[in-house]
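Here is the structure we will look at.
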Amino acid sequence: MTEVFVNMGQISAFKTQGILTTVGLGSCVGVTLYDDLAKVGVMGHIFLPRSRERDAGAPPGKYADTGIPAMIDEAVRLGAQRSRLKAKMAGGANLFPNLNANSTSIGTQNIEAVTEHLKKHGIAIIGKDVAGDYGRKMRFFVDTGVVTVTAIGKEAVKI
């Protein structure tokens with residue numbers, strides 16, 4: 001089965017089968033969208049909560065506010081129906097708590113932004129493994145919709 005690595009700021013998709021994998025989810029958030037009837041899966045590796053005007057040339061997957069709509073568009077392009085899309089997410093860790101003791105960590109901001117934009121588009125989050133103080137790896141098996149999350153020193157979890 002084909003496996004594609006989704007790097008920071010990227011969005012990738014498969015129809016029917018394939019594995020979408022993202023590594024290095026620290027404060028970043030990995031997001032999957034899945035239509036189980038059409039067997040369409042999309043993964044994005046969100047780096048920051050919101051885009052700015054000066055970031056006009058950046059890939060849409062870099063930000064939650066541009067990445068979520070781009071992921072939805074890609075799923076629909078491959079045959080998914082918006083009304084059937086379900087989301088899962090992982091990451092959003094606070095790896096350096098001493099750096100932002102008096103403010104909201106970027107990981108928390110990313111979690112909140114992804115959640116907000118999924119809700120805005122009417123997409124339910126049916127699984128998540130977020131926050132904490134450790135990085136993660138996320139694998140999305142498009143043929144089944146299963147998403148596994150692993151972290152060093154921890155058991156793999158299905159979300």
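Labels used: A, B, ... for chains in the order of the structure tokens, numbers from 1 for residues in each chain, and numbers from 1 for ligands as shown.
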
Inset, instruction - Can you check which residues of chain A DSSP gives as strand (DSSP E or B) on the backbone and send them as a VMD selection string? - result: chain A and resid 3 to 5 11 to 15 19 to 25 29 to 35 40 to 46 48 63 86 to 91 124 to 130 136 to 141 146 to 150 157 to 158

Legend entry - Exercise: Thr32 in chain A partners within 9 Å, only C-alpha atoms, chain neighbours under 3 positions left out, as a list in words: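 Once the adjacent positions are removed, what remains is Gly41, Val42, Met43, Gly44, Met71, Lys86, Ala87, Lys88, Met89, Phe140 and Val147 of chain A.
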
Only C-alpha atoms, please: the residues just picked out, written as a short mmCIF file (atom, residue, chain, number, x, y, z; two decimals), in the first residue's frame.
```cif
data_model
loop_
_atom_site.label_atom_id
_atom_site.label_comp_id
_atom_site.auth_asym_id
_atom_site.auth_seq_id
_atom_site.Cartn_x
_atom_site.Cartn_y
_atom_site.Cartn_z
CA GLY A 41 -9.27 10.70 3.17
CA VAL A 42 -7.36 13.97 3.50
CA MET A 43 -4.60 14.89 5.95
CA GLY A 44 -3.20 18.30 6.76
CA MET A 71 -8.82 20.16 2.94
CA LYS A 86 -15.67 13.50 9.94
CA ALA A 87 -12.46 14.78 11.48
CA LYS A 88 -9.73 13.48 13.76
CA MET A 89 -6.83 15.49 15.13
CA PHE A 140 -4.20 7.58 8.60
CA VAL A 147 -5.96 6.84 12.60
#
```

Legend entry - 7 Å contact set for Val157 in chain A, only C-alpha atoms, chain neighbours under 4 positions out, as a VMD selection string: chain A and resid 148 to 150

Could you list, as a CSV table (one decimal) with N, CA and C atoms, in the first residue's frame, every residue within 12 Å of Pro49 in chain A, counting only C-alpha atoms and ignoring same-chain residues fewer than 2 positions away?
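Ended up saving to result.csv:
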```
chain,number,residue,atom,x,y,z
A,9,GLY,N,2.7,22.1,6.9
A,9,GLY,CA,2.0,23.0,5.9
A,9,GLY,C,1.4,22.3,4.7
A,27,SER,N,3.8,21.4,18.5
A,27,SER,CA,2.7,22.3,18.6
A,27,SER,C,1.8,22.3,17.4
A,28,CYS,N,2.3,21.7,16.3
A,28,CYS,CA,1.5,21.6,15.1
A,28,CYS,C,0.3,20.6,15.4
A,29,VAL,N,-0.7,20.7,14.5
A,29,VAL,CA,-1.8,19.8,14.7
A,29,VAL,C,-2.0,19.1,13.3
A,45,HIS,N,-1.2,19.1,7.8
A,45,HIS,CA,-0.3,19.3,9.0
A,45,HIS,C,-0.2,20.8,9.2
A,46,ILE,N,-1.1,21.3,10.1
A,46,ILE,CA,-1.3,22.7,10.4
A,46,ILE,C,-0.2,23.2,11.3
A,47,PHE,N,0.4,24.3,10.9
A,47,PHE,CA,1.6,24.9,11.6
A,47,PHE,C,1.2,26.0,12.5
A,51,SER,N,-3.6,32.8,9.2
A,51,SER,CA,-2.8,33.5,8.2
A,51,SER,C,-2.8,35.0,8.4
A,52,ARG,N,-1.9,35.6,7.8
A,52,ARG,CA,-1.8,37.1,7.8
A,52,ARG,C,-1.7,37.5,6.3
A,60,PRO,N,-1.7,26.8,1.7
A,60,PRO,CA,-2.9,26.9,2.6
A,60,PRO,C,-2.9,26.0,3.8
A,61,GLY,N,-2.2,24.9,3.7
A,61,GLY,CA,-2.1,23.9,4.8
A,61,GLY,C,-1.3,24.4,6.0
A,62,LYS,N,-0.6,25.5,5.8
A,62,LYS,CA,0.2,26.0,6.9
A,62,LYS,C,-0.6,26.6,8.1
A,63,TYR,N,-1.8,27.0,7.8
A,63,TYR,CA,-2.7,27.7,8.8
A,63,TYR,C,-4.0,27.0,8.9
A,64,ALA,N,-4.6,27.1,10.1
A,64,ALA,CA,-5.9,26.5,10.3
A,64,ALA,C,-7.0,27.2,9.5
A,65,ASP,N,-7.0,28.5,9.4
A,65,ASP,CA,-8.0,29.2,8.7
A,65,ASP,C,-8.0,29.0,7.2
A,66,THR,N,-6.9,28.7,6.6
A,66,THR,CA,-6.9,28.4,5.2
A,66,THR,C,-6.8,26.9,4.9
A,67,GLY,N,-6.2,26.2,5.8
A,67,GLY,CA,-6.0,24.7,5.7
A,67,GLY,C,-7.3,23.9,5.7
A,68,ILE,N,-8.1,24.2,6.7
A,68,ILE,CA,-9.4,23.4,6.8
A,68,ILE,C,-10.2,23.6,5.5
A,92,GLY,N,-0.7,19.6,18.9
A,92,GLY,CA,-1.0,20.7,19.7
A,92,GLY,C,-0.3,20.7,21.1
A,105,SER,N,-0.2,28.8,24.9
A,105,SER,CA,0.9,28.2,24.0
A,105,SER,C,0.4,28.1,22.6
A,106,ILE,N,1.3,28.1,21.6
A,106,ILE,CA,1.0,28.0,20.2
A,106,ILE,C,0.2,26.7,20.0
A,107,GLY,N,0.6,25.6,20.7
A,107,GLY,CA,-0.1,24.3,20.6
A,107,GLY,C,-1.6,24.5,20.9
A,108,THR,N,-1.9,25.1,22.0
A,108,THR,CA,-3.3,25.4,22.5
A,108,THR,C,-4.0,26.2,21.4
A,109,GLN,N,-3.3,27.3,20.9
A,109,GLN,CA,-3.9,28.1,19.9
A,109,GLN,C,-4.2,27.3,18.7
A,110,ASN,N,-3.4,26.4,18.3
A,110,ASN,CA,-3.6,25.6,17.1
A,110,ASN,C,-4.8,24.7,17.3
A,111,ILE,N,-4.9,24.0,18.5
A,111,ILE,CA,-6.0,23.2,18.8
A,111,ILE,C,-7.3,24.0,18.7
A,112,GLU,N,-7.3,25.1,19.3
A,112,GLU,CA,-8.5,26.0,19.3
A,112,GLU,C,-8.9,26.4,17.9
A,113,ALA,N,-8.0,26.8,17.1
A,113,ALA,CA,-8.2,27.3,15.8
A,113,ALA,C,-8.8,26.1,14.9
A,114,VAL,N,-8.1,25.0,14.9
A,114,VAL,CA,-8.6,23.8,14.1
A,114,VAL,C,-10.0,23.5,14.6
A,115,THR,N,-10.3,23.4,15.9
A,115,THR,CA,-11.6,23.0,16.4
A,115,THR,C,-12.6,24.1,15.9
A,116,GLU,N,-12.3,25.3,16.0
A,116,GLU,CA,-13.2,26.4,15.5
A,116,GLU,C,-13.5,26.3,14.1
A,117,HIS,N,-12.6,26.1,13.2
A,117,HIS,CA,-12.8,26.0,11.8
A,117,HIS,C,-13.5,24.8,11.4
```

Legend entry - Test item: residues at most 10 Å from Ile72 in chain A, only C-alpha atoms, excluding those fewer than 5 positions along its chain, as a list in words: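 Here the answer would be Leu33, Tyr34, Val42, Gly67, Arg77, Ala80, Gln81, Arg82, Leu85, Leu118, His121 and Ile123 of chain A.
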
Inset, instruction - Any chance you could list, as a PyMOL selection string, the residues in chain A that come up helix (DSSP H, G or I) when DSSP is run on the backbone? - result: chain A and resi 53-55+60-62+64-77+82-84+97-100+106-120

For the selection you just gave me, I'd like the residues written to a file as a short mmCIF file (atom, residue, chain, number, x, y, z; two decimals), in the first residue's frame, keeping N, CA and C atoms.
```
data_model
loop_
_atom_site.label_atom_id
_atom_site.label_comp_id
_atom_site.auth_asym_id
_atom_site.auth_seq_id
_atom_site.Cartn_x
_atom_site.Cartn_y
_atom_site.Cartn_z
N GLU A 53 -2.02 38.76 6.04
CA GLU A 53 -1.95 39.26 4.66
C GLU A 53 -0.58 39.06 4.04
N ARG A 54 0.46 39.27 4.82
CA ARG A 54 1.81 39.15 4.26
C ARG A 54 2.20 37.71 3.93
N ASP A 55 1.38 36.75 4.35
CA ASP A 55 1.65 35.33 4.09
C ASP A 55 0.90 34.82 2.86
N PRO A 60 -1.74 26.80 1.72
CA PRO A 60 -2.92 26.93 2.59
C PRO A 60 -2.88 26.00 3.80
N GLY A 61 -2.20 24.87 3.69
CA GLY A 61 -2.14 23.93 4.80
C GLY A 61 -1.33 24.40 5.98
N LYS A 62 -0.63 25.49 5.82
CA LYS A 62 0.20 26.01 6.91
C LYS A 62 -0.65 26.55 8.06
N ALA A 64 -4.60 27.07 10.09
CA ALA A 64 -5.92 26.47 10.31
C ALA A 64 -7.00 27.17 9.49
N ASP A 65 -6.95 28.49 9.42
CA ASP A 65 -8.03 29.22 8.74
C ASP A 65 -8.04 29.04 7.22
N THR A 66 -6.92 28.70 6.64
CA THR A 66 -6.88 28.42 5.20
C THR A 66 -6.79 26.91 4.93
N GLY A 67 -6.20 26.17 5.85
CA GLY A 67 -6.00 24.73 5.66
C GLY A 67 -7.28 23.93 5.72
N ILE A 68 -8.14 24.23 6.68
CA ILE A 68 -9.39 23.45 6.80
C ILE A 68 -10.25 23.60 5.54
N PRO A 69 -10.50 24.82 5.04
CA PRO A 69 -11.27 24.93 3.79
C PRO A 69 -10.59 24.23 2.61
N ALA A 70 -9.26 24.32 2.52
CA ALA A 70 -8.54 23.66 1.43
C ALA A 70 -8.67 22.14 1.53
N MET A 71 -8.64 21.61 2.75
CA MET A 71 -8.82 20.16 2.94
C MET A 71 -10.22 19.73 2.52
N ILE A 72 -11.21 20.51 2.88
CA ILE A 72 -12.60 20.20 2.49
C ILE A 72 -12.72 20.21 0.96
N ASP A 73 -12.16 21.23 0.33
CA ASP A 73 -12.21 21.31 -1.13
C ASP A 73 -11.56 20.10 -1.78
N GLU A 74 -10.42 19.66 -1.25
CA GLU A 74 -9.73 18.49 -1.81
C GLU A 74 -10.56 17.23 -1.64
N ALA A 75 -11.19 17.06 -0.47
CA ALA A 75 -12.04 15.89 -0.24
C ALA A 75 -13.20 15.87 -1.23
N VAL A 76 -13.85 17.00 -1.42
CA VAL A 76 -14.99 17.09 -2.35
C VAL A 76 -14.52 16.83 -3.78
N ARG A 77 -13.36 17.36 -4.14
CA ARG A 77 -12.81 17.14 -5.48
C ARG A 77 -12.63 15.64 -5.76
N ARG A 82 -19.49 16.82 1.63
CA ARG A 82 -19.21 17.63 2.83
C ARG A 82 -19.98 17.12 4.04
N SER A 83 -21.24 16.76 3.83
CA SER A 83 -22.11 16.37 4.94
C SER A 83 -21.66 15.07 5.61
N ARG A 84 -20.84 14.28 4.93
CA ARG A 84 -20.37 13.01 5.51
C ARG A 84 -18.97 13.11 6.10
N PRO A 97 6.99 24.74 28.03
CA PRO A 97 6.06 25.46 28.92
C PRO A 97 6.68 26.69 29.59
N ASN A 98 7.97 26.71 29.79
CA ASN A 98 8.60 27.85 30.45
C ASN A 98 8.65 29.09 29.56
N LEU A 99 8.53 28.90 28.24
CA LEU A 99 8.60 30.03 27.33
C LEU A 99 7.31 30.84 27.28
N ASN A 100 6.20 30.21 27.63
CA ASN A 100 4.93 30.92 27.54
C ASN A 100 4.09 30.74 28.80
N ILE A 106 1.31 28.10 21.64
CA ILE A 106 0.95 27.98 20.23
C ILE A 106 0.21 26.67 19.97
N GLY A 107 0.59 25.61 20.71
CA GLY A 107 -0.12 24.33 20.56
C GLY A 107 -1.59 24.46 20.92
N THR A 108 -1.87 25.13 22.03
CA THR A 108 -3.26 25.35 22.45
C THR A 108 -3.98 26.23 21.44
N GLN A 109 -3.31 27.26 20.94
CA GLN A 109 -3.92 28.12 19.92
C GLN A 109 -4.25 27.33 18.66
N ASN A 110 -3.36 26.41 18.27
CA ASN A 110 -3.61 25.58 17.09
C ASN A 110 -4.81 24.66 17.30
N ILE A 111 -4.89 24.03 18.47
CA ILE A 111 -6.03 23.16 18.78
C ILE A 111 -7.33 23.95 18.70
N GLU A 112 -7.34 25.12 19.32
CA GLU A 112 -8.55 25.95 19.34
C GLU A 112 -8.93 26.39 17.93
N ALA A 113 -7.95 26.79 17.12
CA ALA A 113 -8.24 27.26 15.76
C ALA A 113 -8.77 26.13 14.88
N VAL A 114 -8.14 24.97 14.94
CA VAL A 114 -8.62 23.82 14.14
C VAL A 114 -10.04 23.46 14.55
N THR A 115 -10.28 23.38 15.85
CA THR A 115 -11.62 23.05 16.36
C THR A 115 -12.64 24.07 15.88
N GLU A 116 -12.30 25.34 15.97
CA GLU A 116 -13.20 26.42 15.55
C GLU A 116 -13.54 26.32 14.06
N HIS A 117 -12.55 26.07 13.23
CA HIS A 117 -12.80 26.03 11.78
C HIS A 117 -13.54 24.77 11.36
N LEU A 118 -13.30 23.65 12.03
CA LEU A 118 -14.08 22.45 11.74
C LEU A 118 -15.54 22.68 12.12
N LYS A 119 -15.76 23.28 13.28
CA LYS A 119 -17.12 23.57 13.73
C LYS A 119 -17.82 24.53 12.77
N LYS A 120 -17.10 25.55 12.34
CA LYS A 120 -17.64 26.54 11.40
C LYS A 120 -18.13 25.88 10.11
#
```

Inset, instruction - Can you work out the spacing between CA of Gly127 in chain A and CA of Gly153 in chain A in Å, to one decimal? - result: 21.2 Å

Inset, instruction - Compare A:Pro59, A:Gly24, A:Gly135, A:Gly122 by their minimum atom-to-atom distance to Ile11 in chain A, counting only C-alpha atoms, and give me the closest one. - result: A:Pro59

Could you give me, as a PDB file with C-alpha atoms, in the first residue's frame, the residues within 8 Å of Gly18 in chain A, counting only C-alpha atoms and dropping anything in the same chain fewer than 3 positions from it?
```pdb
ATOM      1  CA  MET A   1       0.000   0.000   0.000  1.00  0.00           C
ATOM      2  CA  THR A   2       1.290   3.468  -0.883  1.00  0.00           C
ATOM      3  CA  GLU A   3       2.363   5.706   2.006  1.00  0.00           C
ATOM      4  CA  VAL A   4       2.727   9.468   1.628  1.00  0.00           C
ATOM      5  CA  PHE A  14      -6.121   9.422  -1.155  1.00  0.00           C
ATOM      6  CA  LYS A  15      -9.245   7.849  -2.557  1.00  0.00           C
ATOM      7  CA  PHE A 141      -5.262   4.355   6.860  1.00  0.00           C
ATOM      8  CA  VAL A 142      -7.685   5.594   4.205  1.00  0.00           C
ATOM      9  CA  ASP A 143      -9.173   2.181   3.357  1.00  0.00           C
TER      10      ASP A 143
END
```
